[in-house]
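Data block below; observations after.
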Amino acid sequence: MRVATLLLMMVMAVSCKKYQDPPPYADPRLTNPYCNIPAALNYNWGFPGVPDNSICIYPSTVFSGSYFYRDSLYNEAGEVISTDSFPITITVVDTSKVNIVGFCGTNVLKASADKYYKLRLDSTFLQGQHLCDLTDTITGLGSKKGFEDTATIKFTYQLNESSGISYHSGTAVKQ
């Protein structure tokens with residue numbers, strides 16, 4: 001009985017072939033390109049198709065450009081104290097980082113953009129970054145409504161100055 005079982009197992013082992021995957025099949029109907037980088041805003045849009053990372057759009061890209069900013073200064077009760085307007089420029093540093101110039105002359109503010117259309121000022125000093133001099137800091141964020149919103153950014157930020165804290169809100173319109 002042992003010999004028969006051993007002989008049966010040897011016959012089965014010799015007769016089995018290892019499985020091989022079939023060669024890959026590319027469907028000729030799937031020709032549309034899609035972005036295959038998860039950090040991109042348009043990740044997998046158009047899938048299935050042909051991966052083409054040259055069409056990827058990154059969070060920093062949707063914020064870049066020249067804008068005209070209309071700012072409102074609020075008191076602690078939420079009342080508008082004054083308004084101001086000035087040009088700002090947002091330039092791309094990499095896929096998620098941007099530089100903002102215009103809030104204080106040529107001073108550069110550093111910010112991070114995410115795939116949810118939010119732009120946050122990076123914290124480089126205590127809880128913010130220096131604005132016009134070493135005693136003033138700024139913290140805040142900007143946002144767009146979505147991918148189709150190419151013209152406006154809503155900003156809210158807080159200035160910590162030697163004279164106290166001031167609250168700002170405004171809209172940047174692309175030029």
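To be explicit about the labels: the chains of the structure tokens are called A, B, and onward in the order shown, and within each one the residues are counted from 1, while ligands get numbers from 1 in the order they are shown.
Shell of A:Tyr74 at 9 Å, with only C-alpha atoms counted and residues fewer than 3 places along the chain excluded, is A:Ala77, A:Gly78, A:Glu79, A:Val80, A:Ile81, A:Ser82, A:Ser166, A:Tyr167, A:His168, A:Ser169.
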Using C-alpha atoms, can you write the selected residues to a file as a compact mmCIF listing (two decimals), in the first residue's frame?
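Saved the output as selection_25.txt:
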```txt
# COMPACT_ATOMS: atom_id res chain seq x y z
CA ALA A 77 -15.98 91.29 16.71
CA GLY A 78 -15.82 90.42 13.00
CA GLU A 79 -16.42 93.97 11.75
CA VAL A 80 -14.50 95.32 8.77
CA ILE A 81 -12.04 98.00 9.91
CA SER A 82 -10.36 98.75 6.59
CA SER A 166 -5.19 91.36 13.21
CA TYR A 167 -7.50 89.17 11.14
CA HIS A 168 -7.69 89.39 7.36
CA SER A 169 -9.83 87.87 4.66
```
Taking only residues of stretch 27-116 of chain A that have an atom at most 10 Å from an atom of stretch 150-162 of chain A, what is each one's shortest atom pair and its distance in Å to one decimal, using only C-alpha atoms, in chain and number order, as CSV?
```
residue,atom,partner,partner_atom,distance
A:Val62,CA,A:Thr150,CA,6.9
A:Phe63,CA,A:Ile153,CA,7.9
A:Ser64,CA,A:Thr150,CA,9.7
A:Gly65,CA,A:Ala151,CA,9.6
A:Tyr67,CA,A:Thr152,CA,8.3
A:Phe68,CA,A:Thr152,CA,9.5
A:Tyr69,CA,A:Ile153,CA,9.0
A:Arg70,CA,A:Phe155,CA,9.6
A:Asp71,CA,A:Phe155,CA,8.6
A:Ser72,CA,A:Thr156,CA,9.5
A:Leu73,CA,A:Gln158,CA,9.6
A:Tyr74,CA,A:Gln158,CA,10.0
```
Export, as a compact mmCIF listing (two decimals), in the first residue's frame, the selected residues with all heavy atoms.
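Now in result_12.txt:
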```txt
# COMPACT_ATOMS: atom_id res chain seq x y z
N VAL A 62 -2.25 74.67 -10.00
CA VAL A 62 -3.54 75.36 -10.09
C VAL A 62 -3.53 76.71 -9.37
O VAL A 62 -4.40 77.54 -9.60
CB VAL A 62 -4.71 74.49 -9.56
CG1 VAL A 62 -4.88 73.25 -10.39
CG2 VAL A 62 -4.56 74.18 -8.11
N PHE A 63 -2.54 76.94 -8.50
CA PHE A 63 -2.46 78.21 -7.78
C PHE A 63 -1.53 79.22 -8.45
O PHE A 63 -1.60 80.40 -8.16
CB PHE A 63 -2.00 77.98 -6.34
CG PHE A 63 -3.05 77.36 -5.48
CD1 PHE A 63 -3.03 76.00 -5.21
CD2 PHE A 63 -4.07 78.11 -4.94
CE1 PHE A 63 -4.00 75.42 -4.42
CE2 PHE A 63 -5.05 77.55 -4.15
CZ PHE A 63 -5.01 76.19 -3.89
N SER A 64 -0.65 78.77 -9.33
CA SER A 64 0.37 79.68 -9.87
C SER A 64 -0.25 80.74 -10.77
O SER A 64 -1.25 80.52 -11.43
CB SER A 64 1.43 78.89 -10.64
OG SER A 64 0.89 78.35 -11.81
N GLY A 65 0.38 81.94 -10.74
CA GLY A 65 -0.07 83.02 -11.60
C GLY A 65 0.01 84.37 -10.91
O GLY A 65 0.43 84.49 -9.76
N TYR A 67 -2.12 87.63 -9.58
CA TYR A 67 -3.46 87.91 -9.06
C TYR A 67 -3.54 89.35 -8.57
O TYR A 67 -2.53 89.97 -8.26
CB TYR A 67 -3.77 86.98 -7.87
CG TYR A 67 -3.88 85.53 -8.21
CD1 TYR A 67 -2.74 84.73 -8.28
CD2 TYR A 67 -5.11 84.94 -8.45
CE1 TYR A 67 -2.83 83.38 -8.58
CE2 TYR A 67 -5.21 83.59 -8.74
CZ TYR A 67 -4.07 82.82 -8.81
OH TYR A 67 -4.17 81.49 -9.10
N PHE A 68 -4.77 89.85 -8.49
CA PHE A 68 -5.03 91.13 -7.84
C PHE A 68 -5.83 90.79 -6.58
O PHE A 68 -6.91 90.20 -6.64
CB PHE A 68 -5.81 92.09 -8.75
CG PHE A 68 -5.87 93.47 -8.18
CD1 PHE A 68 -4.75 94.29 -8.22
CD2 PHE A 68 -7.03 93.94 -7.59
CE1 PHE A 68 -4.80 95.57 -7.68
CE2 PHE A 68 -7.08 95.22 -7.06
CZ PHE A 68 -5.96 96.03 -7.10
N TYR A 69 -5.28 91.15 -5.43
CA TYR A 69 -5.85 90.75 -4.15
C TYR A 69 -6.59 91.90 -3.48
O TYR A 69 -6.06 93.00 -3.34
CB TYR A 69 -4.73 90.25 -3.23
CG TYR A 69 -5.23 89.75 -1.90
CD1 TYR A 69 -6.07 88.66 -1.82
CD2 TYR A 69 -4.86 90.39 -0.73
CE1 TYR A 69 -6.54 88.21 -0.60
CE2 TYR A 69 -5.32 89.95 0.49
CZ TYR A 69 -6.17 88.85 0.55
OH TYR A 69 -6.62 88.41 1.76
N ARG A 70 -7.82 91.64 -3.07
CA ARG A 70 -8.64 92.60 -2.33
C ARG A 70 -8.77 92.08 -0.91
O ARG A 70 -9.36 91.02 -0.68
CB ARG A 70 -10.00 92.76 -2.99
CG ARG A 70 -9.91 93.51 -4.30
CD ARG A 70 -11.27 93.68 -4.97
NE ARG A 70 -11.15 94.47 -6.15
CZ ARG A 70 -10.77 94.00 -7.34
NH1 ARG A 70 -10.43 92.74 -7.47
NH2 ARG A 70 -10.69 94.80 -8.39
N ASP A 71 -8.22 92.84 0.03
CA ASP A 71 -8.09 92.41 1.42
C ASP A 71 -9.02 93.22 2.32
O ASP A 71 -9.25 94.40 2.10
CB ASP A 71 -6.63 92.62 1.85
CG ASP A 71 -6.36 92.11 3.24
OD1 ASP A 71 -6.81 91.00 3.57
OD2 ASP A 71 -5.67 92.82 4.00
N SER A 72 -9.55 92.56 3.35
CA SER A 72 -10.34 93.24 4.38
C SER A 72 -9.73 92.91 5.73
O SER A 72 -9.42 91.76 6.02
CB SER A 72 -11.80 92.76 4.36
OG SER A 72 -12.41 93.10 3.13
N LEU A 73 -9.59 93.95 6.56
CA LEU A 73 -9.07 93.80 7.92
C LEU A 73 -10.25 93.82 8.87
O LEU A 73 -11.11 94.70 8.80
CB LEU A 73 -8.11 94.96 8.23
CG LEU A 73 -7.60 95.08 9.66
CD1 LEU A 73 -6.79 93.86 10.06
CD2 LEU A 73 -6.77 96.35 9.80
N TYR A 74 -10.32 92.83 9.77
CA TYR A 74 -11.44 92.69 10.70
C TYR A 74 -10.96 92.89 12.13
O TYR A 74 -9.83 92.57 12.47
CB TYR A 74 -12.05 91.29 10.59
CG TYR A 74 -12.70 91.01 9.27
CD1 TYR A 74 -11.95 90.53 8.19
CD2 TYR A 74 -14.05 91.23 9.08
CE1 TYR A 74 -12.55 90.28 6.98
CE2 TYR A 74 -14.65 90.98 7.87
CZ TYR A 74 -13.90 90.50 6.81
OH TYR A 74 -14.49 90.27 5.61
```
For A:Tyr116: contacts at 12 Å, only C-alpha atoms, fewer than 3 positions along chain excluded, given as a list in words
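Skipping anything fewer than 3 positions along the chain leaves Ala39, Ala40, Leu41, Asn42, Tyr58, Pro59, Ser60, Val62, Phe63, Ser96, Ser112, Ala113, Leu119, Arg120, Gly142, Ser143, Lys144, Lys145, Gly146 and Phe147 of chain A.
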Using DSSP secondary structure from the backbone, list all helix (DSSP H, G or I) positions within chain A, as a list in words.
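Here is the list: Arg2, Val3, Ala4, Thr5, Leu6, Leu7, Leu8, Met9, Met10, Val11, Met12, Ala13, Val14, Ser15, Asn53, Ser54, Ile55, Pro59, Ser60, Thr61, Val62 and Phe63 of chain A.
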Convert the current residue selection to file output with N, CA and C atoms, as a compact mmCIF listing (two decimals), in the first residue's frame.
```txt
# COMPACT_ATOMS: atom_id res chain seq x y z
N ARG A 2 1.93 1.23 0.78
CA ARG A 2 2.83 2.36 0.82
C ARG A 2 3.52 2.56 -0.50
N VAL A 3 3.90 1.50 -1.12
CA VAL A 3 4.59 1.58 -2.40
C VAL A 3 3.64 2.13 -3.46
N ALA A 4 2.39 1.72 -3.44
CA ALA A 4 1.41 2.19 -4.42
C ALA A 4 1.16 3.69 -4.24
N THR A 5 1.06 4.14 -2.99
CA THR A 5 0.84 5.56 -2.71
C THR A 5 2.05 6.38 -3.16
N LEU A 6 3.24 5.88 -2.84
CA LEU A 6 4.46 6.57 -3.25
C LEU A 6 4.57 6.62 -4.77
N LEU A 7 4.26 5.52 -5.44
CA LEU A 7 4.31 5.47 -6.90
C LEU A 7 3.29 6.43 -7.51
N LEU A 8 2.08 6.51 -6.93
CA LEU A 8 1.04 7.42 -7.41
C LEU A 8 1.47 8.87 -7.26
N MET A 9 2.09 9.21 -6.14
CA MET A 9 2.56 10.58 -5.92
C MET A 9 3.67 10.95 -6.89
N MET A 10 4.57 10.01 -7.20
CA MET A 10 5.65 10.28 -8.15
C MET A 10 5.10 10.49 -9.55
N VAL A 11 4.11 9.72 -9.96
CA VAL A 11 3.49 9.88 -11.28
C VAL A 11 2.80 11.23 -11.37
N MET A 12 2.11 11.63 -10.31
CA MET A 12 1.42 12.93 -10.33
C MET A 12 2.41 14.09 -10.38
N ALA A 13 3.50 13.99 -9.64
CA ALA A 13 4.51 15.04 -9.63
C ALA A 13 5.15 15.20 -10.99
N VAL A 14 5.40 14.14 -11.68
CA VAL A 14 6.05 14.20 -12.99
C VAL A 14 5.07 14.70 -14.04
N SER A 15 3.80 14.37 -13.91
CA SER A 15 2.84 14.72 -14.95
C SER A 15 2.34 16.16 -14.86
N ASN A 53 2.24 60.33 -17.93
CA ASN A 53 2.44 61.26 -16.81
C ASN A 53 2.76 62.68 -17.25
N SER A 54 2.91 62.91 -18.54
CA SER A 54 3.14 64.28 -19.01
C SER A 54 1.87 65.13 -18.91
N ILE A 55 0.71 64.51 -18.72
CA ILE A 55 -0.54 65.26 -18.62
C ILE A 55 -0.94 65.51 -17.16
N PRO A 59 -0.98 70.00 -7.47
CA PRO A 59 -1.65 71.02 -6.65
C PRO A 59 -1.05 72.41 -6.79
N SER A 60 0.27 72.51 -6.87
CA SER A 60 0.89 73.84 -6.96
C SER A 60 0.56 74.53 -8.28
N THR A 61 0.34 73.77 -9.32
CA THR A 61 0.09 74.32 -10.65
C THR A 61 -1.21 75.12 -10.70
N VAL A 62 -2.25 74.67 -10.00
CA VAL A 62 -3.54 75.36 -10.09
C VAL A 62 -3.53 76.71 -9.37
N PHE A 63 -2.54 76.94 -8.50
CA PHE A 63 -2.46 78.21 -7.78
C PHE A 63 -1.53 79.22 -8.45
```
Using atom CA of A:Lys97 and atom CA of A:Val50 as the two end points, give the distance in Å to one decimal.
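Here the two named atoms are 28.2 Å from each other.
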Based on the backbone DSSP call, show me all residues of chain A assigned strand (DSSP E), as a PyMOL selection string.
chain A and resi 33-34+50-51+65-74+80-92+97-101+108-113+118-121+129-130+137-143+152-161+164-174
Given only C-alpha atoms as the basis, pick out the residue of A:Ile100, A:Thr135, A:Gly105, A:Asp52 nearest to A:Leu121.
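Among A:Ile100, A:Thr135, A:Gly105, A:Asp52, it is A:Ile100 that comes nearest to A:Leu121.
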Nearest-residue call for A:Val98, choices A:Pro22, A:Ala111, A:Leu30, A:Phe86, using only C-alpha atoms
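The answer is A:Ala111, which sits nearest to A:Val98.
Interatomic distance, atom CA of A:Gly140 against atom CA of A:Lys110: 11.2 Å.
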Minimum-distance residue to A:Thr106, chosen among A:Pro48, A:Thr124, A:Thr171, A:Leu131 (using only C-alpha atoms)
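The closest residue to A:Thr106 is A:Leu131.
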Pick from A:Asn75, A:Lys17, A:Tyr117, A:Cys104 nearest to A:Gly164, counting only C-alpha atoms
A:Asn75
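Using only C-alpha atoms, the shortest contact distance between A:Cys56 and any of A:Leu141, A:Ile37, A:Val173, A:Leu109 is found at A:Ile37.
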